[in-house]
>>> print(open('work.pdb').read())   # PDB, C-alpha atoms
ATOM      1  CA  MET A 210      72.792 -62.385   6.420  1.00  0.00           C
ATOM      2  CA  GLN A 211      71.134 -64.366   3.665  1.00  0.00           C
ATOM      3  CA  ARG A 212      70.440 -63.077   0.205  1.00  0.00           C
ATOM      4  CA  PRO A 213      66.748 -63.224  -0.796  1.00  0.00           C
ATOM      5  CA  SER A 214      66.038 -65.771  -3.465  1.00  0.00           C
ATOM      6  CA  ALA A 215      64.719 -64.623  -6.833  1.00  0.00           C
ATOM      7  CA  LEU A 216      61.389 -66.342  -6.190  1.00  0.00           C
ATOM      8  CA  ARG A 217      60.891 -64.361  -2.963  1.00  0.00           C
ATOM      9  CA  VAL A 218      61.634 -61.081  -4.762  1.00  0.00           C
ATOM     10  CA  VAL A 219      59.124 -61.846  -7.553  1.00  0.00           C
ATOM     11  CA  ARG A 220      56.450 -62.779  -5.010  1.00  0.00           C
ATOM     12  CA  SER A 221      56.986 -59.542  -3.139  1.00  0.00           C
ATOM     13  CA  LEU A 222      56.538 -57.507  -6.364  1.00  0.00           C
ATOM     14  CA  ARG A 223      53.258 -59.162  -7.349  1.00  0.00           C
ATOM     15  CA  ALA A 224      49.913 -57.749  -6.324  1.00  0.00           C
ATOM     16  CA  PRO A 225      48.355 -59.402  -3.292  1.00  0.00           C
ATOM     17  CA  THR A 226      46.353 -62.480  -4.258  1.00  0.00           C
ATOM     18  CA  ARG A 227      43.611 -62.242  -1.667  1.00  0.00           C
ATOM     19  CA  ALA A 228      40.659 -59.988  -2.333  1.00  0.00           C
ATOM     20  CA  SER A 229      40.962 -56.767  -0.427  1.00  0.00           C
ATOM     21  CA  THR A 230      37.816 -55.116   0.825  1.00  0.00           C
ATOM     22  CA  ARG A 231      37.030 -51.537  -0.011  1.00  0.00           C
ATOM     23  CA  LYS A 232      37.588 -49.048   2.736  1.00  0.00           C
ATOM     24  CA  TYR A 233      34.841 -46.611   1.672  1.00  0.00           C
ATOM     25  CA  ALA A 234      31.067 -46.735   1.507  1.00  0.00           C
ATOM     26  CA  MET A 235      29.516 -48.526  -1.490  1.00  0.00           C
ATOM     27  CA  VAL A 236      26.499 -46.212  -1.644  1.00  0.00           C
ATOM     28  CA  PRO A 237      26.829 -42.499  -0.942  1.00  0.00           C
ATOM     29  CA  ALA A 238      24.915 -41.111   1.967  1.00  0.00           C
ATOM     30  CA  PRO A 239      21.756 -39.241   1.002  1.00  0.00           C
ATOM     31  CA  GLU A 240      22.095 -35.497   0.698  1.00  0.00           C
ATOM     32  CA  PRO A 241      20.458 -33.304   3.317  1.00  0.00           C
ATOM     33  CA  GLY A 242      16.839 -32.747   2.408  1.00  0.00           C
ATOM     34  CA  PHE A 243      16.731 -35.900   0.243  1.00  0.00           C
ATOM     35  CA  PRO A 244      13.564 -37.890   0.988  1.00  0.00           C
ATOM     36  CA  THR A 245      14.083 -41.224   2.752  1.00  0.00           C
ATOM     37  CA  GLY A 246      11.766 -43.945   3.983  1.00  0.00           C
ATOM     38  CA  GLU A 247       8.027 -43.222   3.786  1.00  0.00           C
ATOM     39  CA  GLU A 248       8.540 -39.789   2.279  1.00  0.00           C
ATOM     40  CA  PHE A 249      10.572 -41.350  -0.569  1.00  0.00           C
ATOM     41  CA  LEU A 250       7.904 -43.992  -1.232  1.00  0.00           C
ATOM     42  CA  SER A 251       5.116 -41.402  -1.256  1.00  0.00           C
ATOM     43  CA  LYS A 252       7.048 -39.238  -3.757  1.00  0.00           C
ATOM     44  CA  LYS A 253       7.703 -42.310  -5.900  1.00  0.00           C
ATOM     45  CA  GLU A 254       3.958 -43.080  -5.967  1.00  0.00           C
ATOM     46  CA  ALA A 255       3.219 -39.449  -6.875  1.00  0.00           C
ATOM     47  CA  VAL A 256       5.638 -39.677  -9.803  1.00  0.00           C
ATOM     48  CA  LYS A 257       3.961 -42.905 -11.001  1.00  0.00           C
ATOM     49  CA  HIS A 258       0.518 -41.272 -10.773  1.00  0.00           C
ATOM     50  CA  HIS A 259       1.754 -38.208 -12.689  1.00  0.00           C
ATOM     51  CA  ALA A 260       3.302 -40.419 -15.383  1.00  0.00           C
ATOM     52  CA  ALA A 261       0.062 -42.381 -15.803  1.00  0.00           C
ATOM     53  CA  HIS A 262      -1.963 -39.157 -16.037  1.00  0.00           C
ATOM     54  CA  THR A 263       0.442 -37.599 -18.574  1.00  0.00           C
ATOM     55  CA  THR A 264       0.482 -40.783 -20.668  1.00  0.00           C
ATOM     56  CA  SER A 265      -3.316 -40.889 -20.868  1.00  0.00           C
ATOM     57  CA  LEU A 266      -3.405 -37.160 -21.698  1.00  0.00           C
ATOM     58  CA  TRP A 267      -1.046 -37.519 -24.686  1.00  0.00           C
ATOM     59  CA  LYS A 268      -2.799 -40.692 -25.833  1.00  0.00           C
ATOM     60  CA  ASN A 269      -6.103 -38.795 -25.904  1.00  0.00           C
ATOM     61  CA  ILE A 270      -4.498 -35.844 -27.699  1.00  0.00           C
ATOM     62  CA  SER A 271      -3.101 -38.228 -30.313  1.00  0.00           C
ATOM     63  CA  ILE A 272      -6.420 -39.984 -30.867  1.00  0.00           C
ATOM     64  CA  PHE A 273      -8.888 -37.098 -30.631  1.00  0.00           C
ATOM     65  CA  ALA A 274      -6.796 -34.248 -32.089  1.00  0.00           C
ATOM     66  CA  CYS A 275      -4.094 -35.606 -34.395  1.00  0.00           C
ATOM     67  CA  VAL A 276      -6.112 -38.303 -36.177  1.00  0.00           C
ATOM     68  CA  PRO A 277      -8.951 -35.916 -37.214  1.00  0.00           C
ATOM     69  CA  VAL A 278      -6.409 -33.328 -38.383  1.00  0.00           C
ATOM     70  CA  ILE A 279      -4.628 -35.955 -40.504  1.00  0.00           C
ATOM     71  CA  ILE A 280      -7.934 -37.137 -41.996  1.00  0.00           C
ATOM     72  CA  GLY A 281      -8.967 -33.535 -42.760  1.00  0.00           C
ATOM     73  CA  ALA A 282      -5.610 -32.745 -44.364  1.00  0.00           C
ATOM     74  CA  GLY A 283      -5.833 -35.932 -46.421  1.00  0.00           C
ATOM     75  CA  TYR A 284      -9.295 -34.968 -47.678  1.00  0.00           C
ATOM     76  CA  TYR A 285      -8.071 -31.448 -48.533  1.00  0.00           C
ATOM     77  CA  VAL A 286      -5.068 -32.736 -50.492  1.00  0.00           C
ATOM     78  CA  TYR A 287      -7.210 -35.350 -52.307  1.00  0.00           C
ATOM     79  CA  ASP A 288      -9.717 -32.669 -53.353  1.00  0.00           C
ATOM     80  CA  LEU A 289      -6.906 -30.359 -54.479  1.00  0.00           C
ATOM     81  CA  GLU A 290      -5.287 -33.123 -56.558  1.00  0.00           C
ATOM     82  CA  GLN A 291      -8.631 -33.963 -58.192  1.00  0.00           C
ATOM     83  CA  LYS A 292      -9.028 -30.333 -59.239  1.00  0.00           C
ATOM     84  CA  HIS A 293      -5.455 -30.314 -60.534  1.00  0.00           C
ATOM     85  CA  ALA A 294      -6.053 -33.477 -62.584  1.00  0.00           C
ATOM     86  CA  ALA A 295      -9.244 -31.980 -64.057  1.00  0.00           C
ATOM     87  CA  HIS A 296      -7.369 -28.797 -64.980  1.00  0.00           C
ATOM     88  CA  LYS A 297      -4.590 -30.790 -66.657  1.00  0.00           C
ATOM     89  CA  ALA A 298      -7.210 -32.742 -68.628  1.00  0.00           C
ATOM     90  CA  GLU A 299      -8.710 -29.473 -69.912  1.00  0.00           C
ATOM     91  CA  HIS A 300      -5.330 -27.950 -70.781  1.00  0.00           C
ATOM     92  CA  PRO A 301      -2.925 -30.687 -71.829  1.00  0.00           C
ATOM     93  CA  HIS A 302       0.771 -29.875 -71.863  1.00  0.00           C
ATOM     94  CA  GLU A 303       2.201 -29.531 -75.347  1.00  0.00           C
ATOM     95  CA  TYR A 304       5.652 -31.002 -75.788  1.00  0.00           C
ATOM     96  CA  ILE A 305       8.135 -28.633 -77.403  1.00  0.00           C
ATOM     97  CA  GLU A 306      11.044 -30.340 -79.125  1.00  0.00           C
ATOM     98  CA  TYR A 307      14.202 -28.533 -78.074  1.00  0.00           C
ATOM     99  CA  PRO A 308      17.517 -29.822 -79.491  1.00  0.00           C
ATOM    100  CA  TYR A 309      19.112 -30.128 -76.047  1.00  0.00           C
ATOM    101  CA  LEU A 310      16.343 -32.288 -74.538  1.00  0.00           C
ATOM    102  CA  ASN A 311      16.411 -36.103 -74.506  1.00  0.00           C
ATOM    103  CA  ARG A 312      19.825 -36.424 -76.119  1.00  0.00           C
ATOM    104  CA  ARG A 313      20.912 -40.062 -76.120  1.00  0.00           C
ATOM    105  CA  PRO A 314      24.501 -40.557 -77.333  1.00  0.00           C
ATOM    106  CA  ARG A 315      23.931 -44.295 -76.742  1.00  0.00           C
ATOM    107  CA  GLN A 316      20.873 -46.353 -75.848  1.00  0.00           C
ATOM    108  CA  PHE A 317      20.027 -47.554 -72.361  1.00  0.00           C
ATOM    109  CA  PRO A 318      20.352 -51.340 -71.927  1.00  0.00           C
ATOM    110  CA  TRP A 319      16.588 -51.567 -71.261  1.00  0.00           C
ATOM    111  CA  GLY A 320      15.406 -49.492 -74.222  1.00  0.00           C
ATOM    112  CA  PRO A 321      14.998 -45.890 -75.387  1.00  0.00           C
ATOM    113  CA  ASN A 322      13.051 -44.597 -72.344  1.00  0.00           C
ATOM    114  CA  SER A 323      14.407 -44.019 -68.854  1.00  0.00           C
ATOM    115  CA  LEU A 324      14.141 -46.759 -66.245  1.00  0.00           C
ATOM    116  CA  PHE A 325      11.322 -44.905 -64.464  1.00  0.00           C
ATOM    117  CA  PHE A 326       9.406 -43.860 -67.575  1.00  0.00           C
ATOM    118  CA  ASN A 327       5.993 -42.268 -66.972  1.00  0.00           C
ATOM    119  CA  PRO A 328       3.943 -41.713 -70.163  1.00  0.00           C
ATOM    120  CA  HIS A 329       1.723 -39.100 -68.472  1.00  0.00           C
ATOM    121  CA  VAL A 330       4.688 -36.805 -67.800  1.00  0.00           C
ATOM    122  CA  GLN A 331       7.524 -37.757 -70.138  1.00  0.00           C
ATOM    123  CA  LYS A 332       7.790 -38.031 -73.919  1.00  0.00           C
ATOM    124  CA  ASP A 333       7.912 -41.563 -75.264  1.00  0.00           C
ATOM    125  CA  MET A 334      11.262 -41.917 -77.001  1.00  0.00           C
ATOM    126  CA  THR A 335      10.327 -45.138 -78.811  1.00  0.00           C
ATOM    127  CA  PRO A 336      10.956 -44.522 -82.545  1.00  0.00           C
ATOM    128  CA  ALA A 337       7.754 -44.074 -84.566  1.00  0.00           C
ATOM    129  CA  GLU A 338       7.204 -46.819 -87.123  1.00  0.00           C
TER     130      GLU A 338
END
>>> encode(input="work.pdb", output="structure tokens")
Amino acid sequence: MQRPSALRVVRSLRAPTRASTRKYAMVPAPEPGFPTGEEFLSKKEAVKHHAAHTTSLWKNISIFACVPVIIGAGYYVYDLEQKHAAHKAEHPHEYIEYPYLNRRPRQFPWGPNSLFFNPHVQKDMTPAE
């Protein structure tokens, strides 16, 4: 009785080198009641027709319903803001100097006002000459 060589033992432990074929089906069999053949193709065409109809429906809703609503809302907001601006022009806001407002322990690098200074809303902190 011969002892097996080390090379033969290693080769027997390795996975087989040739490709083994699968022993089961690649694609599952269709379930009972699942459409096949012509019935499947007719249902597929029906789904395509439904998708085309639904797409055109929502496109029309977007164009003929949403766009006019957005335009109407834009006009309403514009008119409201014009009235608000006219009211503010009639009754300007008086600035009240409170000691806790606009405290600046040190200056900003870009000057006395904030980086997003708006003279219509905020007090100009530039020192009066």
>>> resolve_selection(input="work.pdb", expression="the PyMOL selection byres ((chain A and resi 317-324) around 9)", output="number ranges by chain")
A: 313, 315-316, 325-327, 332-336
>>> write_last_selection(input="work.pdb", atoms="C-alpha atoms", output="mmCIF file, in the coordinates of the input")
data_model
loop_
_atom_site.group_PDB
_atom_site.id
_atom_site.type_symbol
_atom_site.label_atom_id
_atom_site.label_comp_id
_atom_site.auth_asym_id
_atom_site.auth_seq_id
_atom_site.Cartn_x
_atom_site.Cartn_y
_atom_site.Cartn_z
ATOM 1 C CA ARG A 313 20.912 -40.062 -76.120
ATOM 2 C CA ARG A 315 23.931 -44.295 -76.742
ATOM 3 C CA GLN A 316 20.873 -46.353 -75.848
ATOM 4 C CA PHE A 325 11.322 -44.905 -64.464
ATOM 5 C CA PHE A 326 9.406 -43.860 -67.575
ATOM 6 C CA ASN A 327 5.993 -42.268 -66.972
ATOM 7 C CA LYS A 332 7.790 -38.031 -73.919
ATOM 8 C CA ASP A 333 7.912 -41.563 -75.264
ATOM 9 C CA MET A 334 11.262 -41.917 -77.001
ATOM 10 C CA THR A 335 10.327 -45.138 -78.811
ATOM 11 C CA PRO A 336 10.956 -44.522 -82.545
#
>>> atom_distance(input="work.pdb", atom1="atom CA of Asn311 of chain A", atom2="atom CA of Val330 of chain A")
13.5 Å
>>> atom_distance(input="work.pdb", atom1="atom CA of Val278 of chain A", atom2="atom CA of His293 of chain A")
22.4 Å
>>> resolve_selection(input="work.pdb", expression="the PyMOL selection byres ((chain A and resi 304) around 10)", output="number ranges by chain")
A: 301-303, 305-307, 330-332
>>> axis_aligned_box(input="work.pdb", around="segment 247-252 of chain A", padding_each_side="8 Å", output="lines of an AutoDock Vina configuration file")
center_x = 7.8
center_y = -41.6
center_z = 0.0
size_x = 21.5
size_y = 20.8
size_z = 23.5
>>> atom_distance(input="work.pdb", atom1="atom CA of Glu247 of chain A", atom2="atom CA of His259 of chain A")
18.3 Å
